[in-house]
Amino acid sequence: MGEKPLKILACGDVEGSINAVFNRVRTIQKKSGQFDLLLCVGNFFGSSPGAQAEWQEYKSGAKKAPIHTYILGAASQETLRYFPSADGCELADNITYLGRRGVFTGASGLQIAYVSGREGQQDPTPAHCFSPKDLTQLVEPLISNNQFRGVDILLTSQWPRGVWQYANSPEVNTKFCGTTSISHLAYKLKPRYHFAAVEGVHYERLPYRNHVVLQENTQHVSRFIALATVNNPEKRKYLYAFNIIPMKSMEASELVKQPQDVTESPYSRMVRENTLSDPTVQEPASQFFFDLGKKQRGGGRGQGGRGRKRPSDGDGQNQGQPWDSDRQSQRLPFDLDRPKQPRRPPQPSGPCWFCLASPQVEKHLVISIGTHCYLALAKGSLTPQHVLVLPIGHYQSVVELSSEVVKELDRYKMAVRTFYKSKGQRCVLFERNYHSQHLQIQGQPAQIQRLPHSLTSLPRYKTDSPLRASLPRYRAGAEQELMEIPQHTDLKQIAPPGTPYFYVELDSGEKLFYRIQKNFPLQFGRYVHTHHI
């Protein structure tokens with residue numbers, strides 16, 4: 001490609017320290033050459049007398065910005081007086097106010113979408129705030145185009161809510177940070193770079209993908225960068241320099257390249273579940289109070305007593321229909337006034353041997369009980385250390401769990417890995433969502449010399465990988481292949497609720513996935529472990 005990249009600077013809240021930011025830009029340009037644009041998010045103007053006097057020098061022409069500078073509108077009531085129009089205009093030589101919301105397209109084809117101010121919480125919306133209508137009017141003309149792939153840059157003052165999901169954590173109180181309407185905006189527009197401010201900290205999230213692995217064509221990744229306030233005493237980063245070639249000028253193969261540290265989209269679950277509430281705060285799960293010291297009612301000759309045999313772990317059970325969260329009532333992307341309806345916990349269609357509140361549960365096998373999950377020894381275990389990690393409530397698979405339950409499930413899995421490691425063993429965890437009624441994560445130890453340390457060569461069934469190489473032989477020669485999936489992939493992106501699958505995790509972090517079609521052997525995981533690990 002012969003296209004020359006644009007050199008761009010992004011800046012956090014200037015808050016009237018205009019000389020400071022432009023002096024810093026001059027220093028950078030003296031060292032690294034001329035930049036094409038400076039994009040400022042958050043509050044550009046300050047309300048102090050000194051900040052007003054500083055601005056007056058640029059407005060009068062006594063001073064000039066050393067770079068083409070584009071700023072967002074007011075994010076506070078106090079700075080509204082600096083903006084004569086909501087439609088955008090030149091405020092001083094080389095300093096341009098973009099407007100309330102819209103898309104700026106440069107001569108190079110670079111496309112910058114922007115929304116000024118904060119989310120409005122009242123009607124009519126104050127002048128320094130945006131409304132759901134503003135976001136809808138920004139999004140609809142773009143996504144209605146069949147050729148739309150995303151925008152190059154998105155500028156907002158506020159953060160998107162939940163952007164830290166699946167990634168590194170920011171130094172902010174996430175309980176009060178960001179707004180979900182910006183999350184939906186970023187999800188729809190798929191920016192290659194998204195800049196925000198107003199929280200006073202620097203946060204650069206790991207890049208995230210904009211497609212569903214194994215289900216959609218590969219798309220470009222997005223990067224979210226929050227910038228601190230200019231001249232902050234903690235010396236946090238407030239300027240970010242980067243090169244970018246406009247999307248329209250890039251070859252598709254180059255555009256969709258995936259970095260090694262790419263994660264799942266932090267917004268996809270929120271949109272899929274049709275909710276605008278905080279994705280990190282789930283509704284409370286049903287609580288089950290279970291006294292292991294008391295005899296269970298019905299555990300003798302009543303229901304679930306004589307005449308009933310508990311199936312061994314992994315056997316088929318009575319087939320309940322999976323609870324489908326996608327049957328919830330639909331919500332418009334920016335309908336902020338509609339309250340979230342509480343989710344009714346799924347109920348078993350008959351006796352369940354693994355619901356902790358059930359009379360059929362075998363209490364002598366339980367090791368540990370948490371808030372949402374519990375750990376138990378496996379009945380008919382392959383080794384003395386063969387364990388199960390299960391949800392307390394009735395869920396058929398991992399993809400039906402709320403994030404709150406998943407977090408506790410992950411902690412239990414980590415504890416199992418740590419235990420096996422202390423015994424000099426590797427850890428294999430697998431789930432079979434096929435002819436099973438209640439989710440069971442099977443944890444089995446493996447000798448270090450028997451388990452491959454890497455799965456990178458496994459898709460070709462190389463013989464030096466005993467775990468993977470054994471699978472097609474057990475399938476009687478059928479070429480059914482377990483796919484290796486990226487470590488940061490959320491299983492919910494690959495297998496929507498109701499999808500039958502077999503899933504494996506190794507303690508190296510590597511994962512294998514197989515979408516079950518039919519006639520899948522119920523004892524598959526146990527067989528592989530017994531004969532090949």
# chains A, B, ... in the order shown; residues from 1 in each chain; ligands from 1

call {"tool": "residues_around", "arguments": {"residues": "Ala86 in chain A", "least_positions_apart": "4", "cutoff": "12 Å", "atoms": "only C-alpha atoms", "output": "list of chain:residue names"}}
result
A:Leu72, A:Gly73, A:Ala74, A:Leu80, A:Arg81, A:Tyr82, A:Glu90, A:Tyr97, A:Leu98, A:Gly99, A:Arg100, A:Arg101, A:Gly102, A:Val115, A:Ser116, A:Gly117, A:Pro126, A:Ala127, A:His128, A:Cys129, A:Phe130

call {"tool": "closest_residue", "arguments": {"among": "A:Leu356, A:Leu401, A:Ala196, A:Ala65", "to": "Gly370 in chain A", "atoms": "only C-alpha atoms"}}
result
A:Leu356

call {"tool": "closest_residue", "arguments": {"among": "A:Arg432, A:His386, A:Arg149, A:Arg526", "to": "Phe419 in chain A", "atoms": "only C-alpha atoms"}}
result
A:His386

call {"tool": "atom_distance", "arguments": {"atom1": "CA of Leu255 in chain A", "atom2": "CA of His68 in chain A"}}
result
26.5 Å

call {"tool": "select_by_dssp", "arguments": {"residues": "range 33-142 of chain A", "states": "strand (DSSP E or B)", "output": "ChimeraX atom specification"}}
result
/A:37-40,69-71,89-92,95-97,101-105,111-115,118-119,129-130

call {"tool": "closest_atom_pairs", "arguments": {"of": "range 59-169 of chain A", "to": "range 486-490 of chain A", "cutoff": "12 Å", "atoms": "only C-alpha atoms", "output": "Markdown table"}}
result
| residue | atom | partner | partner_atom | distance |
| --- | --- | --- | --- | --- |
| A:Gln165 | CA | A:Asp490 | CA | 10.8 |
| A:Tyr166 | CA | A:His488 | CA | 7.3 |
| A:Ala167 | CA | A:His488 | CA | 8.9 |

call {"tool": "closest_residue", "arguments": {"among": "A:Ala252, A:Glu404, A:Tyr208, A:Thr125", "to": "Thr371 in chain A", "atoms": "only C-alpha atoms"}}
result
A:Glu404

call {"tool": "atom_distance", "arguments": {"atom1": "CA of Asp261 in chain A", "atom2": "CA of Lys188 in chain A"}}
result
22.3 Å

call {"tool": "residues_around", "arguments": {"residues": "range 41-50 of chain A", "least_positions_apart": "3", "cutoff": "9 Å", "atoms": "only C-alpha atoms", "output": "MDAnalysis selection string"}}
result
chainID A and resid 10:18 53:55 70:76 78:79 82 116:117 155:158 195:198 227 229
